[in-house]
Structures are given as structure tokens and as C-alpha cells.
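Note: the block below is work-v8.txt and it holds compact mmCIF, C-alpha atoms.
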# COMPACT_ATOMS: atom_id res chain seq x y z
CA MET P 1 -12.36 -53.90 -6.44
CA ARG P 2 -14.50 -53.09 -9.46
CA TRP P 3 -17.49 -52.80 -7.15
CA MET P 4 -15.57 -50.31 -4.97
CA LYS P 5 -14.67 -48.22 -8.02
CA LEU P 6 -18.31 -48.18 -9.09
CA THR P 7 -19.39 -47.16 -5.59
CA ARG P 8 -16.90 -44.30 -5.58
CA LEU P 9 -18.07 -43.21 -9.01
CA THR P 10 -21.68 -43.34 -7.87
CA ARG P 11 -20.82 -41.27 -4.78
CA GLN P 12 -19.00 -38.66 -6.87
CA SER P 13 -21.90 -38.51 -9.34
CA ALA P 14 -24.32 -38.03 -6.47
CA MET P 15 -22.23 -35.16 -5.08
CA VAL P 16 -22.08 -33.48 -8.49
CA ALA P 17 -25.84 -33.90 -8.81
CA VAL P 18 -26.38 -32.30 -5.39
CA LEU P 19 -24.24 -29.34 -6.40
CA LEU P 20 -26.04 -28.95 -9.72
CA ILE P 21 -29.41 -29.01 -7.96
CA ALA P 22 -28.17 -26.42 -5.42
CA ASN P 23 -27.01 -24.23 -8.30
CA SER P 24 -30.33 -24.64 -10.07
CA ILE P 25 -32.27 -23.69 -6.92
CA LEU P 26 -30.02 -20.67 -6.59
CA ALA P 27 -30.51 -19.60 -10.19
CA HIS P 28 -34.29 -19.63 -9.75
CA ALA P 29 -34.31 -18.00 -6.35
CA MET P 30 -31.95 -15.26 -7.43
CA ALA P 31 -33.88 -14.18 -10.47
CA GLY P 32 -33.53 -10.42 -10.46
CA LYS P 33 -30.25 -10.70 -8.55
CA ARG P 34 -27.69 -7.93 -8.41
CA THR P 35 -25.17 -8.08 -11.20
CA ASP P 36 -22.81 -5.41 -9.96
CA LEU P 37 -19.63 -5.89 -7.98
CA ASN P 38 -20.04 -2.81 -5.82
CA GLY P 39 -19.87 -3.52 -2.13
CA VAL P 40 -17.87 -4.99 0.70
CA TRP P 41 -17.13 -8.72 0.52
CA ILE P 42 -15.94 -11.37 2.96
CA LEU P 43 -14.10 -14.50 1.98
CA LEU P 44 -15.92 -17.83 2.02
CA GLY P 45 -13.14 -20.01 0.73
CA SER P 46 -10.42 -20.43 -1.84
CA LYS P 47 -8.93 -23.11 -4.00
CA THR P 48 -5.50 -23.37 -5.66
CA GLU P 49 -5.17 -25.43 -8.84
CA ASN P 50 -2.53 -26.25 -11.45
CA LEU P 51 0.34 -25.95 -9.03
CA LYS P 52 3.31 -27.22 -11.03
CA LEU P 53 6.55 -25.55 -10.07
CA THR P 54 9.70 -25.25 -12.12
CA PRO P 55 12.91 -26.46 -10.41
CA ALA P 56 13.51 -22.82 -9.40
CA GLY P 57 10.02 -22.71 -7.89
CA GLU P 58 10.57 -25.97 -5.99
CA LYS P 59 13.92 -24.75 -4.65
CA ALA P 60 12.49 -21.41 -3.53
CA ARG P 61 9.53 -23.08 -1.84
CA ALA P 62 11.76 -25.57 -0.01
CA ALA P 63 13.91 -22.73 1.32
CA TYR P 64 10.95 -20.59 2.43
CA ASP P 65 10.85 -19.90 6.18
CA TYR P 66 7.68 -18.07 7.19
CA GLN P 67 9.27 -16.70 10.34
CA LYS P 68 11.89 -14.84 8.31
CA ASP P 69 10.60 -14.58 4.75
CA ASP P 70 6.95 -13.59 5.17
CA PRO P 71 6.67 -9.93 4.06
CA ASP P 72 3.39 -9.63 6.01
CA MET P 73 5.36 -9.84 9.24
CA ARG P 74 7.03 -6.59 8.16
CA CYS P 75 3.65 -5.11 7.16
CA ILE P 76 4.47 -5.36 3.46
CA PRO P 77 1.64 -6.71 1.28
CA ALA P 78 3.22 -9.51 -0.76
CA SER P 79 0.64 -9.72 -3.56
CA PHE P 80 -3.08 -9.42 -4.26
CA THR P 81 -3.17 -13.22 -4.27
CA ARG P 82 -1.80 -13.27 -0.72
CA ILE P 83 -4.00 -10.45 0.54
CA MET P 84 -7.13 -12.19 -0.67
CA HIS P 85 -6.23 -15.38 1.16
CA THR P 86 -6.53 -13.61 4.53
CA PRO P 87 -9.77 -14.95 6.04
CA SER P 88 -11.19 -12.08 8.10
CA PRO P 89 -10.44 -8.65 6.58
CA PRO P 90 -12.91 -7.91 3.77
CA ILE P 91 -12.36 -6.28 0.41
CA GLU P 92 -14.38 -3.49 -1.16
CA VAL P 93 -15.11 -3.01 -4.86
CA ARG P 94 -16.24 0.35 -6.23
CA GLN P 95 -17.06 0.50 -9.94
CA ARG P 96 -16.59 3.92 -11.54
CA GLN P 97 -17.08 5.13 -15.09
CA ASP P 98 -13.41 4.99 -16.03
CA SER P 99 -11.85 2.97 -13.23
CA VAL P 100 -12.42 0.41 -10.51
CA GLU P 101 -11.29 0.85 -6.93
CA ILE P 102 -10.50 -2.23 -4.92
CA ASN P 103 -9.84 -1.52 -1.29
CA TYR P 104 -8.34 -4.29 0.78
CA GLU P 105 -8.67 -3.91 4.53
CA PHE P 106 -5.61 -6.11 5.05
CA MET P 107 -2.57 -3.80 5.14
CA ASP P 108 -4.69 -0.78 4.09
CA VAL P 109 -4.09 -1.46 0.38
CA ARG P 110 -5.98 0.93 -1.91
CA ARG P 111 -5.86 -0.19 -5.53
CA ARG P 112 -6.92 1.83 -8.55
CA VAL P 113 -7.46 0.05 -11.86
CA PRO P 114 -7.99 2.21 -14.98
CA LEU P 115 -10.53 1.01 -17.55
CA LYS P 116 -8.98 2.90 -20.46
CA LYS P 117 -9.34 1.04 -23.74
CA GLY P 118 -6.03 0.44 -25.50
CA LEU P 119 -3.96 1.25 -22.41
CA ALA P 120 -1.06 -1.22 -22.18
CA VAL P 121 -0.30 -2.62 -18.72
CA LYS P 122 3.27 -1.31 -18.88
CA ASP P 123 1.94 2.22 -19.41
CA ALA P 124 -0.61 2.09 -16.59
CA PRO P 125 0.15 3.85 -13.29
CA TYR P 126 1.15 1.80 -10.28
CA ALA P 127 -1.97 0.01 -9.05
CA VAL P 128 -1.18 0.88 -5.42
CA ARG P 129 0.63 4.17 -5.09
CA GLU P 130 2.16 3.30 -1.71
CA HIS P 131 3.28 -0.15 -2.87
CA PRO P 132 4.82 -0.05 -6.35
CA ASN P 133 5.99 -3.63 -5.76
CA MET P 134 2.43 -4.71 -6.57
CA GLY P 135 2.77 -3.72 -10.20
CA ARG P 136 0.51 -2.03 -12.73
CA SER P 137 -3.05 -3.02 -13.62
CA VAL P 138 -5.56 -2.33 -16.38
CA GLY P 139 -9.16 -3.49 -16.51
CA GLN P 140 -12.00 -4.07 -18.90
CA TYR P 141 -15.43 -5.70 -18.83
CA ASP P 142 -16.37 -8.96 -20.48
CA GLY P 143 -20.14 -8.71 -20.09
CA GLU P 144 -20.66 -8.34 -16.36
CA THR P 145 -17.28 -9.87 -15.57
CA LEU P 146 -14.47 -7.50 -14.62
CA VAL P 147 -11.16 -8.62 -16.10
CA ILE P 148 -7.93 -7.14 -14.70
CA GLU P 149 -4.49 -7.72 -16.14
CA THR P 150 -1.47 -6.98 -13.95
CA ALA P 151 2.26 -6.98 -14.63
CA GLY P 152 5.40 -5.34 -13.30
CA GLN P 153 5.28 -6.88 -9.81
CA SER P 154 8.58 -6.94 -7.96
CA PRO P 155 10.20 -10.35 -7.64
CA GLY P 156 9.69 -11.99 -4.27
CA VAL P 157 7.12 -13.88 -2.26
CA LEU P 158 3.76 -14.45 -4.00
CA ASP P 159 1.88 -16.39 -1.35
CA THR P 160 2.37 -17.17 2.32
CA LEU P 161 -1.06 -18.46 3.15
CA GLY P 162 -2.96 -20.44 0.48
CA VAL P 163 0.20 -22.30 -0.48
CA PRO P 164 3.00 -20.88 1.68
CA GLY P 165 6.32 -20.31 -0.04
CA LEU P 166 5.26 -19.56 -3.60
CA TYR P 167 7.44 -17.02 -5.34
CA GLN P 168 6.94 -14.64 -8.27
CA SER P 169 9.44 -13.22 -10.74
CA ASP P 170 9.39 -9.87 -12.53
CA GLN P 171 8.10 -11.76 -15.57
CA MET P 172 4.85 -12.68 -13.86
CA ARG P 173 1.59 -11.58 -15.42
CA THR P 174 -1.79 -12.19 -13.81
CA VAL P 175 -5.34 -12.09 -15.12
CA GLU P 176 -8.13 -11.64 -12.57
CA ARG P 177 -11.78 -12.29 -13.38
CA TYR P 178 -14.45 -10.90 -11.01
CA VAL P 179 -17.79 -12.59 -11.62
CA PRO P 180 -20.86 -11.20 -9.81
CA ASN P 181 -23.63 -13.57 -8.75
CA GLY P 182 -26.14 -11.71 -6.59
CA ASP P 183 -24.75 -11.66 -3.07
CA MET P 184 -21.87 -13.88 -4.10
CA MET P 185 -18.76 -13.01 -6.10
CA GLN P 186 -16.17 -15.32 -7.55
CA VAL P 187 -12.65 -14.09 -8.27
CA THR P 188 -10.22 -16.19 -10.28
CA ILE P 189 -6.57 -15.19 -10.57
CA THR P 190 -4.49 -16.89 -13.23
CA HIS P 191 -0.73 -16.49 -12.74
CA TYR P 192 1.62 -16.77 -15.72
CA ASP P 193 5.25 -16.92 -14.63
CA PRO P 194 7.71 -19.00 -16.67
CA VAL P 195 10.38 -18.66 -13.98
CA TYR P 196 8.42 -20.36 -11.20
CA PHE P 197 5.40 -22.11 -12.77
CA LEU P 198 5.39 -24.82 -15.42
CA GLN P 199 1.75 -24.02 -16.16
CA PRO P 200 -0.50 -21.13 -15.18
CA LEU P 201 -1.36 -21.26 -11.48
CA ILE P 202 -5.07 -20.71 -10.85
CA VAL P 203 -6.46 -19.46 -7.53
CA THR P 204 -10.21 -19.11 -7.10
CA TYR P 205 -11.83 -17.17 -4.26
CA ASN P 206 -15.50 -17.11 -3.33
CA TYR P 207 -16.90 -14.08 -1.56
CA LEU P 208 -20.11 -13.18 0.23
CA ARG P 209 -21.52 -9.65 0.26
CA LEU P 210 -21.31 -8.03 3.71
CA PRO P 211 -24.41 -5.82 3.97
CA GLY P 212 -23.58 -2.42 5.42
CA GLY P 213 -19.93 -3.46 5.63
CA LYS P 214 -17.15 -0.92 5.85
CA ILE P 215 -13.43 -1.18 5.32
CA LEU P 216 -11.70 -0.36 8.60
CA LYS P 217 -8.19 0.90 9.16
CA TRP P 218 -5.61 -1.89 9.50
CA ASP P 219 -2.69 0.18 10.76
CA CYS P 220 -0.10 -2.58 10.76
CA LYS P 221 3.09 -1.92 12.74
CA PRO P 222 6.08 -4.17 12.03
CA GLU P 223 7.05 -4.49 15.70
CA GLU P 224 3.54 -5.82 16.43
CA ALA P 225 3.41 -8.15 13.43
CA THR P 226 6.76 -9.90 13.70
CA TYR P 227 7.05 -13.39 15.13
CA GLU P 228 10.08 -12.21 17.08
CA ARG P 229 7.88 -10.47 19.64
CA PHE P 230 7.30 -13.87 21.28
CA LEU P 231 10.96 -14.77 21.52
CA PRO P 232 12.94 -14.17 24.73
CA LYS P 233 14.60 -10.75 24.74
CA MET K 234 -36.35 -15.69 2.42
CA HIS K 235 -35.82 -17.70 -0.76
CA ARG K 236 -32.79 -15.61 -1.51
CA LYS K 237 -31.25 -16.22 1.92
CA LEU K 238 -31.91 -19.96 1.65
CA ALA K 239 -30.41 -20.00 -1.82
CA THR K 240 -27.36 -18.08 -0.64
CA ALA K 241 -26.96 -20.49 2.29
CA ALA K 242 -27.19 -23.46 -0.15
CA LEU K 243 -24.55 -21.95 -2.41
CA ILE K 244 -22.31 -21.19 0.55
CA ALA K 245 -22.54 -24.81 1.67
CA ALA K 246 -21.61 -25.96 -1.85
CA THR K 247 -18.80 -23.41 -2.03
CA LEU K 248 -17.32 -24.45 1.30
CA PHE K 249 -17.60 -28.10 0.25
CA LEU K 250 -15.62 -27.36 -2.91
CA SER K 251 -13.08 -24.91 -1.52
CA GLY K 252 -12.44 -26.39 1.88
CA GLY K 253 -13.09 -23.11 3.68
CA VAL K 254 -10.52 -20.90 5.30
CA GLY K 255 -11.17 -21.46 9.00
CA LEU K 256 -7.70 -22.34 10.24
CA ALA K 257 -5.78 -21.46 7.13
CA HIS K 258 -4.07 -18.41 8.59
CA HIS K 259 -0.31 -18.83 8.55
CA SER K 260 0.44 -18.04 12.16
CA VAL K 261 -2.63 -19.93 13.42
CA ALA K 262 -2.33 -23.18 11.45
CA ALA K 263 1.46 -23.22 11.46
CA ASN K 264 2.02 -22.13 15.03
CA PHE K 265 -0.79 -23.57 17.14
CA ASP K 266 -2.13 -27.03 17.82
CA GLY K 267 -5.88 -26.60 17.38
CA SER K 268 -6.53 -30.13 18.60
CA LYS K 269 -5.25 -29.33 22.12
CA ALA K 270 -6.56 -27.08 24.87
CA LEU K 271 -4.61 -25.69 27.81
CA ASP K 272 -5.78 -23.58 30.77
CA VAL K 273 -3.43 -20.76 31.74
CA THR K 274 -4.20 -18.78 34.90
CA GLY K 275 -2.51 -15.50 35.61
CA LYS K 276 -2.76 -11.77 36.15
CA VAL K 277 -3.48 -9.71 33.04
CA LYS K 278 -0.44 -7.53 32.38
CA GLU K 279 -1.43 -6.15 28.99
CA VAL K 280 -4.33 -6.32 26.55
CA ALA K 281 -3.35 -5.23 23.06
CA ILE K 282 -6.32 -5.41 20.70
CA ARG K 283 -4.74 -4.67 17.33
CA ASN K 284 -4.01 -5.80 13.79
CA PRO K 285 -2.81 -8.15 12.43
CA HIS K 286 -3.18 -10.09 15.70
CA SER K 287 -4.28 -9.15 19.17
CA GLN K 288 -2.23 -10.16 22.18
CA ILE K 289 -2.91 -10.63 25.88
CA THR K 290 0.07 -10.90 28.20
CA LEU K 291 -0.45 -12.87 31.41
CA GLU K 292 1.85 -12.96 34.43
CA VAL K 293 1.84 -16.55 35.59
CA THR K 294 3.12 -17.53 39.03
CA LYS K 295 4.96 -20.82 38.99
CA PRO K 296 4.90 -23.32 41.90
CA ASP K 297 8.33 -22.07 43.01
CA GLY K 298 6.96 -18.54 43.33
CA SER K 299 8.70 -17.10 40.30
CA VAL K 300 6.64 -15.20 37.73
CA SER K 301 6.83 -15.68 33.98
CA GLU K 302 4.99 -14.16 31.04
CA PHE K 303 2.57 -16.10 28.86
CA PHE K 304 1.43 -14.62 25.55
CA VAL K 305 -2.07 -15.23 24.22
CA GLU K 306 -2.41 -14.58 20.50
CA TRP K 307 -5.88 -13.67 19.21
CA SER K 308 -7.74 -12.47 16.13
CA ASP K 309 -7.21 -9.11 14.53
CA LYS K 310 -8.87 -6.09 16.11
CA ASN K 311 -11.22 -5.47 13.19
CA ALA K 312 -12.53 -9.04 13.22
CA LEU K 313 -13.14 -8.93 16.98
CA LEU K 314 -15.03 -5.68 16.48
CA ARG K 315 -17.20 -7.17 13.72
CA ARG K 316 -17.88 -10.25 15.82
CA THR K 317 -18.89 -7.97 18.73
CA VAL K 318 -16.56 -9.73 21.17
CA PRO K 319 -16.66 -7.80 24.48
CA VAL K 320 -12.88 -7.54 24.74
CA SER K 321 -13.05 -4.69 27.27
CA LYS K 322 -14.16 -7.24 29.89
CA ILE K 323 -10.59 -8.51 30.00
CA ARG K 324 -8.99 -5.93 32.28
CA VAL K 325 -5.39 -5.29 33.22
CA GLY K 326 -4.73 -6.45 36.80
CA ASP K 327 -7.52 -9.05 36.86
CA LYS K 328 -6.78 -12.70 37.55
CA VAL K 329 -8.20 -14.73 34.68
CA THR K 330 -7.98 -18.21 33.23
CA ILE K 331 -7.52 -18.31 29.49
CA ASN K 332 -8.04 -21.52 27.59
CA VAL K 333 -5.65 -21.67 24.64
CA SER K 334 -4.50 -23.88 21.81
CA PRO K 335 -0.82 -24.26 22.68
CA SER K 336 1.95 -23.17 20.36
CA LYS K 337 3.73 -25.92 18.48
CA ARG K 338 7.05 -24.18 19.00
CA LEU K 339 7.08 -21.95 22.05
CA PRO K 340 6.12 -22.96 25.61
CA ASN K 341 4.97 -19.45 26.58
CA LEU K 342 2.49 -18.94 23.76
CA GLY K 343 -1.07 -20.03 22.93
CA TYR K 344 -4.03 -19.05 20.77
CA PHE K 345 -7.20 -17.75 22.46
CA ARG K 346 -10.19 -20.09 22.86
CA THR K 347 -12.09 -18.74 25.91
CA ALA K 348 -11.42 -16.59 28.96
CA THR K 349 -12.88 -17.14 32.43
CA LEU K 350 -13.18 -13.75 34.10
CA PRO K 351 -12.92 -13.01 37.87
CA ASP K 352 -16.74 -13.20 38.30
CA GLY K 353 -16.83 -16.63 36.64
CA THR K 354 -18.21 -15.35 33.33
CA VAL K 355 -16.81 -17.20 30.33
CA LEU K 356 -15.93 -14.87 27.47
CA LYS K 357 -16.19 -16.60 24.11
CA ASP K 358 -15.22 -15.61 20.61
CA CYS K 359 -17.54 -17.28 18.09
CA GLY K 360 -14.88 -17.00 15.40
CA PHE K 361 -14.83 -16.19 11.72
CA VAL K 362 -16.83 -19.21 10.56
CA ALA K 363 -19.75 -18.31 12.84
CA PHE K 364 -19.51 -14.70 11.66
CA ARG K 365 -19.65 -15.79 8.02
CA GLU K 366 -22.69 -17.96 8.73
CA SER K 367 -24.46 -15.12 10.53
CA VAL K 368 -23.88 -12.84 7.52
CA ALA K 369 -25.27 -15.50 5.15
CA LYS K 370 -28.36 -16.05 7.30
CA GLY K 371 -28.83 -12.37 8.11
CA THR K 372 -28.85 -13.16 11.84
CA LYS K 373 -26.82 -12.11 14.88
CA ILE K 374 -23.65 -14.03 15.54
CA THR K 375 -24.03 -16.77 18.17
CA CYS K 376 -21.89 -19.61 19.48

In C-alpha cells, how does this file's structure come out?
Amino acid sequence: MRWMKLTRLTRQSAMVAVLLIANSILAHAMAGKRTDLNGVWILLGSKTENLKLTPAGEKARAAYDYQKDDPDMRCIPASFTRIMHTPSPPIEVRQRQDSVEINYEFMDVRRRVPLKKGLAVKDAPYAVREHPNMGRSVGQYDGETLVIETAGQSPGVLDTLGVPGLYQSDQMRTVERYVPNGDMMQVTITHYDPVYFLQPLIVTYNYLRLPGGKILKWDCKPEEATYERFLPK
Amino acid sequence: MHRKLATAALIAATLFLSGGVGLAHHSVAANFDGSKALDVTGKVKEVAIRNPHSQITLEVTKPDGSVSEFFVEWSDKNALLRRTVPVSKIRVGDKVTINVSPSKRLPNLGYFRTATLPDGTVLKDCGFVAFRESVAKGTKITC
């Protein structure tokens, strides 16, 4: 038994070592790498951590039925967290002097984040004019990392894909960190919501730059998105 | 070259840590059994290449002579475009055989795997994972 534990420990250590070596190779090879976030990005993978739901969160998740409750099937973007879990449609980041544009191909969501110092989130304009349910955002830079704070989202479904059936309340606040790394970008979203989460929920996404990529029109129509189209008429 | 190799190494590490997203899509993972494959032969009634999912409708003739519809769900239009899948080769009126992952819930529904066209050509979709790899390597998508 002790031998098995040691073997497992050795295996885990070896895996960590492999990853550290890969990172080191990358650091050397990417000397002179791009440090901006501008560009079109495709999703490589995502990871959800710290998922500890309150009783209200557990109850809501247990009652979630994706065939009826998924806002995407009515062409309504549930949240930035949900949008970014969609594997194929890319996102675009455009850094401006006083704002950042983030354009999500999924559901044609065009987000504008002001970078005005001292601007409180509650005083910021809606991040997505067509979808006020997505709340208000303000951004700032921490070195090369873009940090976006968002609040004022409408209560409802938070995620239907990474962890289906997560809900958000109107008390939710999120902090997103966009970290550039050459042709890679890591985005971490920390969700603070005392109604549904016992501790901040952390979702991390890894992106790859899509050279020459463009955001295409999504043009979602509810009658083409609903699950009901397969059911006998 | 070094940069592409380094990116590929980091991608491998990233996928190892994050588990990837290949079959994570709600209506794919939840609705279809990716471990099974089923051949459905029929006449193409409709080809709707669109977002969020494309759909091919087949008219399938049963042994008793009656005709029923079978729906083939597929990737979104934009992804098929990026993956350069020659979707226009699937034509309305043609008799085709589409290999699908069957739905877990509905008997008349499956998710696209390949299509055998009237001339015997097999139309494949390399999928998002192959696309991602081709972007990382800076090569054309192949499968």
C-alpha cells in the first residue's frame, strides 16, 4: 500500500516535471513573444475549480433541464462564462486607448469595456448594448494582464456547458484576468455570488491565436436552435 | 519553427491539464452516444448549414414501404466553413448513407460522422480538435 502511494507520488512528480520542462522550453523559444491581446482566439480547453454550491445552488442545479432551461436554445447568451465554453466559435480582443472590445462570435455578442480610472462598475454602461442581462463591466491593466470587473447581471442561468445547471443571482460579481503569452492567452474568471456559491467559483480558459482569423456572423434563430425541432409535430 | 514547436508543447500540456473541449458541447455530449455508429440511408430532403447547429433531413424508406424522416445534427456553419468541409457535395434529392452517432433520446436523430455520396465518395469532417491542431502547427487541416 505504501509502495503504491509512493509510486503514485513519483508519477505525479514526473508529470509536474514534464510540464515545468515544457514551460521552460516555451519561455526560451518565445523570447520576444507578443505581449498584446489583440487578435482572434480559439479555445483549447477549460477547467472549473472551487465548485461549492450553497443549498440554493444545489437545488437550482438539480432542477435544471437543458431542454427547457438553456437560454442558448432561445438564442439568448446566458453569460460570458457560458459563451466562452463553446468550443468552436472564436473570440476577438481589440485593445483601444480607453476601452477594450471583446467580440464573441457565439450569438454575435459585441462587448465594450471602458478603461476609465475611478469608474465604478455600477456607473459603467451596459457591456453589451443588445443584452443588458449581461451586466456592466470596467477594465484596467495590471502590467500586461487585462482585468475586467463585471456586476449587474440578471439572475438566471450562468452555465449550461462547462458545468451545466449553474445559476447566478443579481448579487454576482466577476473578475476576469486576460493574460497574454505569445500565441496563447489564458483567461480566468472568478465568480463571487453568495446566493449560489459557498466560495468563489474559478473557471480558466486557454486560447490559441487564430492567424488571419475573423469573427463571422452567427445569426442565431430560436426556431433553429430549439431542441423541439426534433420532436414530432 | 522553435516557436511552433513550443506552442505545440504548451498546447499538449494545456490539453492535459484542462481535459480539452472536444465533446463538451451540451447537445453533443448530452444527446448523442459518441461510442456508437449507425448507418442511415435515405434521400436528402433538406440541407440546412447554419448556426448554432447544421441539420440534414433524410427521407428513409422502411421495409414496409413507408417513409419517415431522420434528422442529422452537425457542427455550426462557421466551424464547417473554417474546417473547409465541402458541404455543397451533399445535395437535395441524392441518395446518401450518413454514418451517425445515435441520439440517446430520440430514434430519428443522430450526429454526423461521415457521408457516403452517390458516387461512393466518403465526405469527412475532421472536427474541431483536428482544426485546433492544424492552427497550432500552421498546417492544413487533415483527417

message = Residues near region 105-109 of chain P, anyone? I mean within 8 Å using all atoms listed in the file, not counting same-chain ones fewer than 2 positions away, as an NGL selection string.
response = :P and (75-77 or 83 or 86 or 89-91 or 103 or 111 or 128 or 215-220)

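Among the candidate residues P:Val113, P:Leu43, P:Leu158, P:Val138, the one lying nearest to chain K is P:Leu43, with distances computed using all atoms listed in the file.
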
(message) Residues within 10 Å of Arg82 (chain P), please, as a list in words. Count all atoms listed in the file; anything in the same chain fewer than 2 positions from it doesn't count.
(response) Asp72, Pro77, Ala78, Ser79, Phe80, Met84, His85, Thr86, Phe106, Val157, Leu158, Asp159, Thr160, Leu161, Gly162, Val163, Pro164 and Leu166 of chain P

Keeping only C-alpha atoms, take the residues you just selected and write them out as a short mmCIF file (atom, residue, chain, number, x, y, z; two decimals), in the coordinates of the input.
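Contents of the output file again-v1.cif:
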data_model
loop_
_atom_site.label_atom_id
_atom_site.label_comp_id
_atom_site.auth_asym_id
_atom_site.auth_seq_id
_atom_site.Cartn_x
_atom_site.Cartn_y
_atom_site.Cartn_z
CA ASP P 72 3.39 -9.63 6.01
CA PRO P 77 1.64 -6.71 1.28
CA ALA P 78 3.22 -9.51 -0.76
CA SER P 79 0.64 -9.72 -3.56
CA PHE P 80 -3.08 -9.42 -4.26
CA MET P 84 -7.13 -12.19 -0.67
CA HIS P 85 -6.23 -15.38 1.16
CA THR P 86 -6.53 -13.61 4.53
CA PHE P 106 -5.61 -6.11 5.05
CA VAL P 157 7.12 -13.88 -2.26
CA LEU P 158 3.76 -14.45 -4.00
CA ASP P 159 1.88 -16.39 -1.35
CA THR P 160 2.37 -17.17 2.32
CA LEU P 161 -1.06 -18.46 3.15
CA GLY P 162 -2.96 -20.44 0.48
CA VAL P 163 0.20 -22.30 -0.48
CA PRO P 164 3.00 -20.88 1.68
CA LEU P 166 5.26 -19.56 -3.60
#

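Relative to CA of Ala270 (chain K), CA of Val300 (chain K) is found at 21.9 Å.
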
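If you measure from each of P:Pro222, P:Pro180, P:Gly212, P:Gly39 to Pro71 (chain P) using all atoms listed in the file, the closest one turns out to be P:Pro222.
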
- Task: Write out as a PyMOL selection string the residues lying within 12 Å of Pro55 (chain P), counting all atoms listed in the file and excluding same-chain residues fewer than 3 positions away.
- Result: chain P and resi 52+58-62+194-198

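The space separating CA of Glu149 (chain P) from CA of Met134 (chain P) comes to 12.2 Å.
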
Q: Fewer than 4 positions away in the same chain doesn't count, so skip those; otherwise give me all residues within 8 Å of region 310-322 of chain K, counting all atoms listed in the file, as a PyMOL selection string.
A: (chain P and resi 88-89+216+218) or (chain K and resi 282-287+350+356-361+364+374)

Writer output for current selection, C-alpha atoms, as a PDB file, in the coordinates of the input:
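Okay, again.pdb is ready:
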ATOM      1  CA  SER P  88     -11.190 -12.080   8.100  1.00  0.00           C
ATOM      2  CA  PRO P  89     -10.440  -8.650   6.580  1.00  0.00           C
ATOM      3  CA  LEU P 216     -11.700  -0.360   8.600  1.00  0.00           C
ATOM      4  CA  TRP P 218      -5.610  -1.890   9.500  1.00  0.00           C
TER       5      TRP P 218
ATOM      6  CA  ILE K 282      -6.320  -5.410  20.700  1.00  0.00           C
ATOM      7  CA  ARG K 283      -4.740  -4.670  17.330  1.00  0.00           C
ATOM      8  CA  ASN K 284      -4.010  -5.800  13.790  1.00  0.00           C
ATOM      9  CA  PRO K 285      -2.810  -8.150  12.430  1.00  0.00           C
ATOM     10  CA  HIS K 286      -3.180 -10.090  15.700  1.00  0.00           C
ATOM     11  CA  SER K 287      -4.280  -9.150  19.170  1.00  0.00           C
ATOM     12  CA  LEU K 350     -13.180 -13.750  34.100  1.00  0.00           C
ATOM     13  CA  LEU K 356     -15.930 -14.870  27.470  1.00  0.00           C
ATOM     14  CA  LYS K 357     -16.190 -16.600  24.110  1.00  0.00           C
ATOM     15  CA  ASP K 358     -15.220 -15.610  20.610  1.00  0.00           C
ATOM     16  CA  CYS K 359     -17.540 -17.280  18.090  1.00  0.00           C
ATOM     17  CA  GLY K 360     -14.880 -17.000  15.400  1.00  0.00           C
ATOM     18  CA  PHE K 361     -14.830 -16.190  11.720  1.00  0.00           C
ATOM     19  CA  PHE K 364     -19.510 -14.700  11.660  1.00  0.00           C
ATOM     20  CA  ILE K 374     -23.650 -14.030  15.540  1.00  0.00           C
TER      21      ILE K 374
END

Computed interatomic separation between CA of Arg338 (chain K) and CA of Lys276 (chain K) (Å):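 Answer for the CA of Arg338 (chain K) to CA of Lys276 (chain K) separation: 23.3 Å.
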